[in-house]
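Enquirer: Sending over a structure as structure tokens; questions will come in a sec.
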Amino acid sequence: MADLTVDLGFRTLKNPVITASGTFGYGEEFLPFFDLDILGAIIMKGIFREPRPGNPPPRLVETPAGVLNSIGLAGPGSEKLQEIIRRLHTRTNTPIIVNVCGEDDREFAEVAAVFSAMDEVAMLELNISCPNIKKGGACPAQDADHTARLVRQVKKVVGKPLIVKLSPNTADIVEVAQAAQDAGADALSLVNTFLGLAVDLEKRKPVFANVYAGLSGPAVKPLALRLVREVCRRSYVPVIGMGGISSGRDVLDYILVGAAAVQIGTVNFYEPGAAVRIIGEIETEMDKLQIKNLSEIRGKLQT
Amino acid sequence: MADLTVDLGFRTLKNPVITASGTFGYGEEFLPFFDLDILGAIIMKGIFREPRPGNPPPRLVETPAGVLNSIGLAGPGSEKLQEIIRRLHTRTNTPIIVNVCGEDDREFAEVAAVFSAMDEVAMLELNISCPNIKKGGACPAQDADHTARLVRQVKKVVGKPLIVKLSPNTADIVEVAQAAQDAGADALSLVNTFLGLAVDLEKRKPVFANVYAGLSGPAVKPLALRLVREVCRRSYVPVIGMGGISSGRDVLDYILVGAAAVQIGTVNFYEPGAAVRIIGEIETEMDKLQIKNLSEIRGKLQT
Amino acid sequence: MQDERGLIEEAHSLGGDYFLLKIAAPRIAATAKPGNFVMVRVSPSRDPLLRRPLGLLESRPPYIWLYYQVLGHGTKLLSGLRPGDGLDILGPLGNTFPELPGKRVLLVAGGRGIVPLFHYARAYGEHRPLLLLYGGRRRADLPLLERIKTLCLQGLFIFSEDGSLGQMGLLTDGLEKIVREERVDATMSCGPEAMLARVALLLKSRGLENRASLEALMGCGFGACHSCVVLAADGSYRKVCDEGPVFPLEEIQWRT
Amino acid sequence: MQDERGLIEEAHSLGGDYFLLKIAAPRIAATAKPGNFVMVRVSPSRDPLLRRPLGLLESRPPYIWLYYQVLGHGTKLLSGLRPGDGLDILGPLGNTFPELPGKRVLLVAGGRGIVPLFHYARAYGEHRPLLLLYGGRRRADLPLLERIKTLCLQGLFIFSEDGSLGQMGLLTDGLEKIVREERVDATMSCGPEAMLARVALLLKSRGLENRASLEALMGCGFGACHSCVVLAADGSYRKVCDEGPVFPLEEIQWRT
Ligand SMILES: Cc1cc2nc3c(=O)[nH]c(=O)nc-3n(C[C@H](O)[C@H](O)[C@H](O)COP(=O)(O)OP(=O)(O)OC[C@H]3O[C@@H](n4cnc5c(N)ncnc54)[C@H](O)[C@@H]3O)c2cc1C
Ligand SMILES: Cc1cc2nc3c(=O)[nH]c(=O)nc-3n(C[C@H](O)[C@H](O)[C@H](O)COP(=O)(O)OP(=O)(O)OC[C@H]3O[C@@H](n4cnc5c(N)ncnc54)[C@H](O)[C@@H]3O)c2cc1C
Ligand SMILES: Cc1cc2nc3c(=O)[nH]c(=O)nc-3n(C[C@H](O)[C@H](O)[C@H](O)COP(=O)(O)O)c2cc1C
Ligand SMILES: Cc1cc2nc3c(=O)[nH]c(=O)nc-3n(C[C@H](O)[C@H](O)[C@H](O)COP(=O)(O)O)c2cc1C
Ligand code: FES
Ligand code: FES
């Protein structure tokens with residue numbers, strides 16, 4: 001039987017499948033569909049210090065094999081999220097990861113510190129790559145210096161492993177990845193959504209109030225896989241790959257280019273039981289490929 | 001009845017639909033399907049001075065709502081293409097555009113000069129953005145300085161309008177666009193394909209010999225539309241938009257963000273009569289939206 | 001809430017853009033209540049990627065009935081399915097219309113908005129007084145009329161904009177009179193946003209208990225994506241899929 | 001060459017992964033010749049995006065017959081179609097097997113490679129001597145046998161790797177003997193690449209006229225994308241879709 005465990009160095013996961021921030025609600029929404037214990041880890045929807053209403057609708061539209069979203073990080077604020085996490089923790093032993101957001105560097109550090117202090121939280125993921133906060137899609141992960149500064153600041157105030165989530169919307173993602181790990185990131189996750197545009201011909205306006213929105217889903221997989229490979233080649237911390245995963249083979253593709261684990265996002269929306277299917281498919285594929293352990297293929301892409 | 005003509009300044013086209021380089025063969029392949037006279041213009045598959053075998057197979061694989069290609073600019077060389085163009089010109093009055101390639105700046109200029117001298121050629125499109133020539137996908141359009149230098153050099157030796165085709169795989173496409181137009185480009189076209197990766201799990205190798213390949217098709221439309229909008233906002237020469245167009249509404253989306261005309265690519269493969277349908281749909285949609293002339297909506301996106 | 005593989009038993013074209021499906025989906029049928037909806041994967045392929053939200057016209061285990069209008073790509077593909085085809089259906093989703101035993105309830109249905117109200121009438125009509133006000137643009141937009149006549153209703157009022165069926169005009173033209181003359185205690189509405197806004201305006205401060213079922217673009221249908229929001233009267237957003245789709249009419253900020 | 005809307009008349013599952021479609025496609029049927037193929041849009045949606053190449057098992061206006069094996073996403077979706085469904089079909093595409101009147105021709109078919117050779121036998125078998133060597137892994141991979149018995153053949157040789165039908169072994173095990181004993185003038189082959197490579201090796205320098213129909217991943221099927229190339233013996237690339245799919249066996253660089 002295939003062994004699906006993943007060693008991140010600072011933590012072992014029972015399998016490489018982590019549910020991506022913003023696509024798995026606060027975990028509870030999926031309790032009707034499957035036992036959350038089967039997951040490698042669960043990442044909470046992004047959180048700021050204060051409650052946020054999020055962007056006006058429409059917030060999500062379909063594109064060919066993908067979705068554009070501009071949710072705008074609607075959320076209950078960090079105090080309420082602590083309650084939610086405590087409740088979720090009573091329902092599952094799967095590691096819970098908090099996706100930390102901030103309007104400025106100080107807020108990132110504050111929010112990170114709050115959740116770092118919670119026993120129920122296994123790790124933090126620093127969301128420096130959300131394209132839906134500022135108009136035009138600007139975010140800290142577009143700039144290596146800003147990223148380094150922010151990561152250093154957050155590292156000072158947290159005791160938990162820190163994953164830094166990178167943006168594909170930057171001149172050189174490898175440079176930003178370097179900056180993040182040199183500044184102390186314990187792991188990198190990539191990619192967040194790709195900046196895209198949809199327009200409303202009738203109204204002659206962008207579909208989204210924020211003009212641009214973030215593209216995710218199967219459509220982006222070839223692009224994301226390439227970026228993950230680029231970052232894996234130069235990183236000395238574990239890389240968590242994502243973008244368009246919808247099958248066990250997709251997961252193994254990411255492992256093959258060097259990812260330690262993966263996140264699954266958009267697929268959770270159209271197939272709420274996707275995680276169960278995908279974990280099953282990883283096992284089947286590993287058996288078929290006669291791979292006993294994921295480390296046998298991790299980063300083994302021959303070029 | 002809607003007026004579909006497009007004024008590029010240096011030339012008027014009967015409608016905004018141009019068939020994209022590499023996706024319409026040498027025109028002849030589509031003669032069984034429709035009268036080429038209905039097209040706005042036809043762009044030839046990219047051409048180098050000498051015949052090129054192209055990359056080893058596989059050269060094209062399907063992805064969700066897209067294709068990854070690494071054709072590697074297989075082609076008969078510029079002498080043979082001249083014959084083909086003369087033959088095609090006897091079959092259609094639609095303007096013929098040559099997609100000029102080169103291994104180095106000098107070859108670009110040489111090839112451009114050859115086709116600029118042909119009466120049957122209406123314009124040139126400088127393909128400085130093909131990701132399938134060098135390993136890793138490098139191309140001149142990734143660098144503003146190189147682009148400027150190359151465009152200036154080519155402009156010196158050609159008498160025909162010069163369209164410069166930009167790459168989405170660059171740090172700042174707006175900067176490259178500026179460089180191209182400042183160096184004398186008469187129009188810009190964008191985007192070429194997005195760098196992506198596909199892997200073969202069984203062989204533990206990239207699917208393509210060249211490792212990376214170029215993504216096109218409906219999957220990329222939201223990304224391309226955003227880039228076209230960015231470039232249109234800052235350009236004083238006409239912009240020809242493309243990426244994932246498969247319907248009349250897609251065409252109007254590009255016009256709305258500021259494109260003067262569009263190119264249709266991948267759709268020609270899976271629906272050889274697509275151009276006819278799309279041109280028909282533009283008319284229908286314009287009537288429905290009560291637009292008499294494309295200039296009524298060109299660049300009229302309100303933000 | 002189940003992700004169930006339904007089996008199409010009957011597929012009817014009702015003329016125009018309207019279609020009716022009878023589907024064996026025993027687990028969903030077992031628990032669905034009036035107001036609930038489902039998310040349907042309209043094609044065995046992954047285009048379109050997202051499921052489509054559809055109300056339940058009726059639910060009688062092991063069957064559910066869907067009634068839909070072809071609007072775009074997804075509903076078009078759905079209309080190509082035939083008896084014997086399978087269909088992935090997620091549900092029942094969302095909240096429900098309250099039963100309000102003993103009350104005189106007026107159902108207000110615009111076009112395909114008939115769906116959850118038909119379900120309501122089928123489920124509760126035998127036990128107490130229900131009235132239905134049903135309107136559409138033309139006769140062809142009201143193809144369910146024959147089936148509606150099988151419901152237990154104390155009153156049926158039909159409007160069409162072109163007068164081709166029932167009274168000529170918008171259904172909202174008849175609303176006030178009916179509410180007054182029929183001594184209505186509560187209303188349940190479903191239909192286009194403009195209609196609901198008008199209903200809200202007409203029923204304001206009449207002391208009735210008013211509910212409306214809303215539509216929104218939905219990414220997931222079960223509360224995970226936060227895309228389906230509607231602006232509430234208090235300025236906050238509500239998720240239509242799990243805080244709704246049924247809301248007190250007064251709780252929504254209607255655009256007029 | 002037409003982009004024709006075909007209408008499925010019959011859809012048969014032949015057991016295992018094999019399916020047969022009878023399609024009304026009068027314009028394609030009118031001109032298709034043995035060796036030609038078609039590009040089929042397997043789903044009314046845009047997933048998969050590209051059409052799939054399939055050979056013609058038979059073509060008798062107004063019908064064409066497709067015989068296919070479910071391998072992946074596209075053929076799986078195709079197998080869900082039923083009589084009455086429409087199907088976009090582009091064809092006839094590619095070149096053809098030469099008729100070679102008067103010659104004794106051996107058809108060599110591996111698995112689903114039977115398709116263009118069945119067409120050949122149906123079209124030309126009545127006029128002159130044809131022999132068929134047909135092999136597959138197991139009995140279940142040779143589900144066309146009953147239909148093959150309706151062809152005009154002077155000889156039929158069946159092989160299966162597990163011996164469950166005909167002789168046990170690879171069809172290439174029997175090739176040399178048949179060629180010798182049956183005084184064959186020419187061969188036409190279609191099947192997996194490894195089989196074709198072996199056929200090429202076995203027939204080398206025997207002075208026969210040998211053709212093979214090849215498969216390749218295809219973007220368009222009509223020469224526009226340059227994706228379907230195969231390496232020729234002279235080191236250049238050939239486009240399988242319009243320079244083929246039928247090539248002189250010796251013209252291809254077989255990997256062995
Ligand atoms: C809770 C709920 C219950 C519904 N019940 C029914 C029902 O019983 N019968 C029925 O016919 N329709 C119902 N709808 C509407 C139905 O979901 C849409 O008509 C359908 O999703 C359109 O899909 P499409 O792919 O055909 O159209 P698309 O190509 O996606 O879009 C076509 C047009 O429809 C609009 N549209 C798309 N999705 C929705 C949506 N979710 N809500 C409203 N408008 C949309 C688009 O903005 C566009 O203008 C319901 C919607 C909701 C939210
Ligand atoms: C000229 C020609 C004629 C053909 N005739 C027939 C026929 O009559 N009957 C039949 O069953 N099949 C035929 N094939 C093969 C058929 O096209 C493929 O089996 C089919 O495209 C697979 O599609 P899929 O979506 O099911 O598989 P995918 O999910 O696309 O792939 C599944 C597997 O099949 C392989 N594959 C995909 N496309 C092709 C292809 N074009 N050629 C070879 N392998 C491929 C893939 O590499 C993969 O290993 C023919 C191919 C060609 C080129
Ligand atoms: C609706 C939606 C909301 C998202 N919200 C967040 C978020 O709060 N924080 C974050 O880091 N990423 C967020 N993302 C990005 C995803 O976590 C993930 O990076 C992206 O969707 C790519 O993966 P996928 O293609 O599997 O969906 C969101 C994505 C979607 C579609
Ligand atoms: C198979 C293939 C070959 C291509 N060859 C060329 C080429 O020779 N020159 C060029 O400038 N662009 C080439 N392109 C890029 C297209 O012209 C176009 O920029 C791209 O496909 C995006 O448009 P689309 O999404 O409509 O296909 C090629 C694209 C494909 C898919
Ligand atoms: S549709 Fe996803 S939260 Fe409502
Ligand atoms: S498949 Fe496109 S050229 Fe052969």
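We label chains A, B, ... in the order they appear in the structure tokens, count residues from 1 in each chain, and number ligands from 1 in the order shown.
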Contacts of Gln290 of chain A at 10 Å or less, counting only C-alpha atoms, minus same-chain residues fewer than 5 places along, as a list in words?
Expert: Met1, Ala2, Thr284, Glu285 and Glu296 of chain A
Enquirer: For all heavy atoms, I'd like the residues from the last selection saved as a PDB file, in the first residue's frame.
Expert:
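Saved the output as part_19.pdb:
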ATOM      1  N   MET A   1       0.836  -1.218   0.000  1.00  0.00           N
ATOM      2  CA  MET A   1       0.000   0.000   0.000  1.00  0.00           C
ATOM      3  C   MET A   1       0.863   1.257   0.000  1.00  0.00           C
ATOM      4  O   MET A   1       1.828   1.369   0.754  1.00  0.00           O
ATOM      5  CB  MET A   1      -0.881  -0.004   1.250  1.00  0.00           C
ATOM      6  CG  MET A   1      -2.326  -0.400   0.984  1.00  0.00           C
ATOM      7  SD  MET A   1      -3.427   1.031   0.853  1.00  0.00           S
ATOM      8  CE  MET A   1      -2.912   2.071   2.214  1.00  0.00           C
ATOM      9  N   ALA A   2       0.483   2.157  -0.844  1.00  0.00           N
ATOM     10  CA  ALA A   2       1.258   3.387  -0.993  1.00  0.00           C
ATOM     11  C   ALA A   2       1.261   4.197   0.314  1.00  0.00           C
ATOM     12  O   ALA A   2       0.255   4.260   1.013  1.00  0.00           O
ATOM     13  CB  ALA A   2       0.651   4.226  -2.110  1.00  0.00           C
ATOM     14  N   THR A 284      -4.221   5.119  -5.868  1.00  0.00           N
ATOM     15  CA  THR A 284      -4.357   4.250  -7.036  1.00  0.00           C
ATOM     16  C   THR A 284      -3.235   4.504  -8.039  1.00  0.00           C
ATOM     17  O   THR A 284      -2.624   3.569  -8.560  1.00  0.00           O
ATOM     18  CB  THR A 284      -5.712   4.528  -7.737  1.00  0.00           C
ATOM     19  OG1 THR A 284      -6.727   4.601  -6.745  1.00  0.00           O
ATOM     20  CG2 THR A 284      -6.044   3.454  -8.747  1.00  0.00           C
ATOM     21  N   GLU A 285      -2.968   5.767  -8.307  1.00  0.00           N
ATOM     22  CA  GLU A 285      -1.927   6.105  -9.284  1.00  0.00           C
ATOM     23  C   GLU A 285      -0.561   5.650  -8.793  1.00  0.00           C
ATOM     24  O   GLU A 285       0.259   5.166  -9.572  1.00  0.00           O
ATOM     25  CB  GLU A 285      -1.902   7.615  -9.553  1.00  0.00           C
ATOM     26  CG  GLU A 285      -3.095   8.132 -10.345  1.00  0.00           C
ATOM     27  CD  GLU A 285      -3.116   7.648 -11.782  1.00  0.00           C
ATOM     28  OE1 GLU A 285      -2.060   7.261 -12.310  1.00  0.00           O
ATOM     29  OE2 GLU A 285      -4.212   7.637 -12.375  1.00  0.00           O
ATOM     30  N   GLU A 296       9.892   9.209  -3.559  1.00  0.00           N
ATOM     31  CA  GLU A 296      10.514   8.554  -4.726  1.00  0.00           C
ATOM     32  C   GLU A 296      10.407   9.399  -5.989  1.00  0.00           C
ATOM     33  O   GLU A 296      11.218   9.251  -6.900  1.00  0.00           O
ATOM     34  CB  GLU A 296       9.830   7.206  -5.004  1.00  0.00           C
ATOM     35  CG  GLU A 296      10.250   6.091  -4.088  1.00  0.00           C
ATOM     36  CD  GLU A 296       9.421   4.839  -4.366  1.00  0.00           C
ATOM     37  OE1 GLU A 296       9.212   4.506  -5.544  1.00  0.00           O
ATOM     38  OE2 GLU A 296       8.948   4.240  -3.378  1.00  0.00           O
TER      39      GLU A 296
END
Enquirer: Can you pull out every residue within 12 Å of Pro57 of chain A, counting only C-alpha atoms, but drop anything in the same chain fewer than 6 positions away, and send it as a PyMOL selection string?
Expert: (chain A and resi 69-72+74+207-210) or (chain C and resi 216-218+226-231+237-240)
Enquirer: Produce a file of the selected residues containing N, CA and C atoms, as an mmCIF file, in the first residue's frame.
Expert:
data_model
loop_
_atom_site.group_PDB
_atom_site.id
_atom_site.type_symbol
_atom_site.label_atom_id
_atom_site.label_comp_id
_atom_site.auth_asym_id
_atom_site.auth_seq_id
_atom_site.Cartn_x
_atom_site.Cartn_y
_atom_site.Cartn_z
ATOM 1 N N ASN A 69 -12.454 35.376 -9.286
ATOM 2 C CA ASN A 69 -13.116 35.785 -8.063
ATOM 3 C C ASN A 69 -12.581 37.101 -7.556
ATOM 4 N N SER A 70 -13.490 37.815 -6.948
ATOM 5 C CA SER A 70 -13.131 39.057 -6.291
ATOM 6 C C SER A 70 -13.958 39.129 -5.011
ATOM 7 N N ILE A 71 -13.746 38.108 -4.172
ATOM 8 C CA ILE A 71 -14.494 38.051 -2.922
ATOM 9 C C ILE A 71 -14.101 39.241 -2.034
ATOM 10 N N GLY A 72 -12.839 39.581 -2.098
ATOM 11 C CA GLY A 72 -12.387 40.733 -1.314
ATOM 12 C C GLY A 72 -12.237 40.404 0.154
ATOM 13 N N ALA A 74 -13.948 38.867 2.443
ATOM 14 C CA ALA A 74 -15.025 39.007 3.419
ATOM 15 C C ALA A 74 -14.701 38.100 4.591
ATOM 16 N N VAL A 207 -16.860 43.560 -14.969
ATOM 17 C CA VAL A 207 -17.815 42.765 -14.202
ATOM 18 C C VAL A 207 -17.625 43.021 -12.705
ATOM 19 N N PHE A 208 -16.361 43.171 -12.309
ATOM 20 C CA PHE A 208 -16.055 43.324 -10.888
ATOM 21 C C PHE A 208 -15.802 44.774 -10.523
ATOM 22 N N ALA A 209 -16.326 45.171 -9.365
ATOM 23 C CA ALA A 209 -16.152 46.533 -8.892
ATOM 24 C C ALA A 209 -14.669 46.893 -8.790
ATOM 25 N N ASN A 210 -13.874 45.898 -8.440
ATOM 26 C CA ASN A 210 -12.439 46.101 -8.258
ATOM 27 C C ASN A 210 -11.666 46.043 -9.579
ATOM 28 N N ALA C 216 -29.017 34.392 -7.065
ATOM 29 C CA ALA C 216 -27.711 35.033 -7.095
ATOM 30 C C ALA C 216 -26.769 34.132 -7.865
ATOM 31 N N LEU C 217 -25.698 34.681 -8.404
ATOM 32 C CA LEU C 217 -24.661 33.855 -9.016
ATOM 33 C C LEU C 217 -24.016 33.052 -7.898
ATOM 34 N N MET C 218 -23.893 31.749 -8.093
ATOM 35 C CA MET C 218 -23.396 30.900 -7.021
ATOM 36 C C MET C 218 -22.180 30.096 -7.449
ATOM 37 N N HIS C 226 -18.579 32.341 -0.469
ATOM 38 C CA HIS C 226 -18.962 33.712 -0.145
ATOM 39 C C HIS C 226 -19.178 34.574 -1.389
ATOM 40 N N SER C 227 -19.638 33.945 -2.477
ATOM 41 C CA SER C 227 -19.815 34.730 -3.701
ATOM 42 C C SER C 227 -21.253 35.192 -3.906
ATOM 43 N N CYS C 228 -22.201 34.560 -3.250
ATOM 44 C CA CYS C 228 -23.615 34.723 -3.601
ATOM 45 C C CYS C 228 -24.306 35.804 -2.787
ATOM 46 N N VAL C 229 -23.585 36.832 -2.395
ATOM 47 C CA VAL C 229 -24.152 37.758 -1.430
ATOM 48 C C VAL C 229 -25.162 38.734 -2.012
ATOM 49 N N VAL C 230 -26.043 39.164 -1.139
ATOM 50 C CA VAL C 230 -27.038 40.167 -1.470
ATOM 51 C C VAL C 230 -26.983 41.212 -0.343
ATOM 52 N N LEU C 231 -27.255 42.439 -0.708
ATOM 53 C CA LEU C 231 -27.151 43.505 0.283
ATOM 54 C C LEU C 231 -28.415 43.549 1.147
ATOM 55 N N TYR C 237 -23.912 42.142 4.125
ATOM 56 C CA TYR C 237 -24.187 41.172 3.074
ATOM 57 C C TYR C 237 -24.725 39.876 3.659
ATOM 58 N N ARG C 238 -25.640 39.226 2.939
ATOM 59 C CA ARG C 238 -26.126 37.899 3.303
ATOM 60 C C ARG C 238 -25.795 36.925 2.186
ATOM 61 N N LYS C 239 -25.399 35.747 2.549
ATOM 62 C CA LYS C 239 -25.165 34.705 1.554
ATOM 63 C C LYS C 239 -26.506 34.079 1.171
ATOM 64 N N VAL C 240 -26.850 34.175 -0.101
ATOM 65 C CA VAL C 240 -28.140 33.661 -0.542
ATOM 66 C C VAL C 240 -28.208 32.138 -0.384
#
Enquirer: Based on DSSP run over this structure's backbone, return all residues of segment 107-272 of chain B in strand (DSSP E or B), as a ChimeraX atom specification.
Expert: /B:121-127,162-165,187-190,194-197,199-200,205-206,208,211-216,239-242,261-264
Enquirer: Name the residues, by chain letter and number, that sit within 7 Å of ligand 4 using only C-alpha atoms and all ligand atoms, and give them as an MDAnalysis selection string.
Expert: (chainID B and resid 20:23 45:46 60 67:69 71 73 99 127 129:130 165 190:193 216:218 220:221 242:245 263:267) or (chainID D and resid 225)
Enquirer: Please identify every residue of chain D that has at least one atom no more than 7 Å from any atom of chain C, counting only C-alpha atoms, and report them as a PyMOL selection string.
Expert: chain D and resi 45-47
Enquirer: Select the residues contacting ligand 1 at a distance of at most 6 Å, based on only C-alpha atoms and all ligand atoms, then format the selection as number ranges by chain.
Expert: C: 37, 52-55, 67-76, 112, 115, 215-218, 245
Enquirer: Which of these residues is nearest to ligand 2, using only C-alpha atoms and all ligand atoms: B:Gly27, B:Pro64, B:Pro51, B:Gly40?
Expert: B:Pro64
Enquirer: Using only C-alpha atoms, determine which residues of chain B fall within 6 Å of chain D; present them as a list in words.
Expert: Thr23, Phe24, Gly25, Arg59, Leu60, Ala65, Phe269 and Tyr270 of chain B
Enquirer: Tell me which protein, DNA and RNA residues are within 9 Å of Ile173 of chain B, counting only C-alpha atoms, leaving out same-chain ones fewer than 6 positions away, and put them as a VMD selection string.
Expert: chain B and resid 141 to 142 144 166 to 167 227 230 to 231
Enquirer: Restrict the selected residues to N, CA, C and O atoms and save them as an mmCIF file, in the first residue's frame.
Expert:
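Generated file (again_15.cif):
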data_model
loop_
_atom_site.group_PDB
_atom_site.id
_atom_site.type_symbol
_atom_site.label_atom_id
_atom_site.label_comp_id
_atom_site.auth_asym_id
_atom_site.auth_seq_id
_atom_site.Cartn_x
_atom_site.Cartn_y
_atom_site.Cartn_z
ATOM 1 N N ALA B 141 10.951 39.783 -26.642
ATOM 2 C CA ALA B 141 9.876 40.598 -26.071
ATOM 3 C C ALA B 141 9.846 40.564 -24.552
ATOM 4 O O ALA B 141 8.982 41.181 -23.929
ATOM 5 N N GLN B 142 10.771 39.842 -23.934
ATOM 6 C CA GLN B 142 10.828 39.872 -22.470
ATOM 7 C C GLN B 142 11.610 41.077 -21.974
ATOM 8 O O GLN B 142 11.633 41.359 -20.782
ATOM 9 N N ALA B 144 12.599 45.182 -22.651
ATOM 10 C CA ALA B 144 12.225 46.417 -23.356
ATOM 11 C C ALA B 144 13.363 46.946 -24.224
ATOM 12 O O ALA B 144 13.137 47.396 -25.357
ATOM 13 N N LEU B 166 3.714 41.047 -28.884
ATOM 14 C CA LEU B 166 4.275 41.038 -27.534
ATOM 15 C C LEU B 166 4.014 39.740 -26.792
ATOM 16 O O LEU B 166 3.080 38.992 -27.094
ATOM 17 N N SER B 167 4.819 39.519 -25.789
ATOM 18 C CA SER B 167 4.735 38.309 -24.969
ATOM 19 C C SER B 167 4.107 38.609 -23.615
ATOM 20 O O SER B 167 4.404 39.628 -23.000
ATOM 21 N N LEU B 227 -4.214 42.009 -19.929
ATOM 22 C CA LEU B 227 -2.968 42.554 -20.465
ATOM 23 C C LEU B 227 -3.248 43.508 -21.618
ATOM 24 O O LEU B 227 -2.624 44.561 -21.746
ATOM 25 N N GLU B 230 -4.330 46.772 -20.236
ATOM 26 C CA GLU B 230 -3.195 47.533 -19.693
ATOM 27 C C GLU B 230 -2.425 48.240 -20.809
ATOM 28 O O GLU B 230 -2.062 49.406 -20.691
ATOM 29 N N VAL B 231 -2.169 47.500 -21.884
ATOM 30 C CA VAL B 231 -1.389 48.074 -22.978
ATOM 31 C C VAL B 231 -2.191 49.161 -23.695
ATOM 32 O O VAL B 231 -1.655 50.224 -24.027
#
Enquirer: Starting from chain A, keep only residues with some atom at most 6 Å from an atom of chain B, counting only C-alpha atoms, and report them as a PyMOL selection string.
Expert: chain A and resi 64-65+171+196-197+204-205+218-219+222-223+226+301-302
Enquirer: Report as a PDB file with C-alpha atoms, in the first residue's frame all protein, DNA and RNA residues lying within 8 Å of Leu21 of chain D, evaluated on only C-alpha atoms, omitting residues in the same chain fewer than 4 positions from it.
Expert:
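Dumped everything to part.pdb:
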ATOM      1  CA  ILE D   8     -26.306   9.024 -34.636  1.00  0.00           C
ATOM      2  CA  GLU D   9     -28.538   6.234 -35.942  1.00  0.00           C
ATOM      3  CA  GLU D  10     -27.202   3.374 -33.855  1.00  0.00           C
ATOM      4  CA  ALA D  11     -24.858   3.159 -30.893  1.00  0.00           C
ATOM      5  CA  HIS D  12     -23.630  -0.261 -29.801  1.00  0.00           C
ATOM      6  CA  TRP D  65     -19.523   3.715 -39.145  1.00  0.00           C
ATOM      7  CA  LEU D  66     -17.058   4.483 -36.351  1.00  0.00           C
ATOM      8  CA  TYR D  67     -15.508   1.804 -34.170  1.00  0.00           C
TER       9      TYR D  67
END
Enquirer: As an exercise, work out the distance from atom CA of Val164 of chain A to atom CA of Ala41 of chain A in Å and give it to one decimal place.
Expert: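 Atom-to-atom, atom CA of Val164 of chain A to atom CA of Ala41 of chain A, that is 15.7 Å.
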Enquirer: Within 12 Å of Ala186 of chain D, counting only C-alpha atoms, which residues qualify if same-chain residues fewer than 5 places away don't, as a list in words?
Expert: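 Skipping anything fewer than 5 positions along the chain leaves Phe97, Pro98, Glu99, Leu100, Pro101, Gly102, Lys103, Arg104, Val105, Leu106, Leu107, Val108, Pro129, Leu130, Leu131, Leu132, Ile178, Val179, Arg180, Leu203, Arg206, Gly207, Leu208, Glu209, Asn210, Arg211, Ala212, Pro248 and Leu249 of chain D.
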Enquirer: When distances are computed from only C-alpha atoms and all ligand atoms, which of A:Thr19, A:Ser78, A:Ser116, A:Thr147 shows the smallest separation from ligand 3?
Expert: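 Closest candidate: A:Thr19.
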Enquirer: Excluding Val111 of chain A and residues on its chain fewer than 2 positions from it, collect all residues at most 10 Å away from it, counting only C-alpha atoms, and give them as a PyMOL selection string.
Expert: chain A and resi 47-50+77-79+98-102+106-109+113-116+126+154+157-158
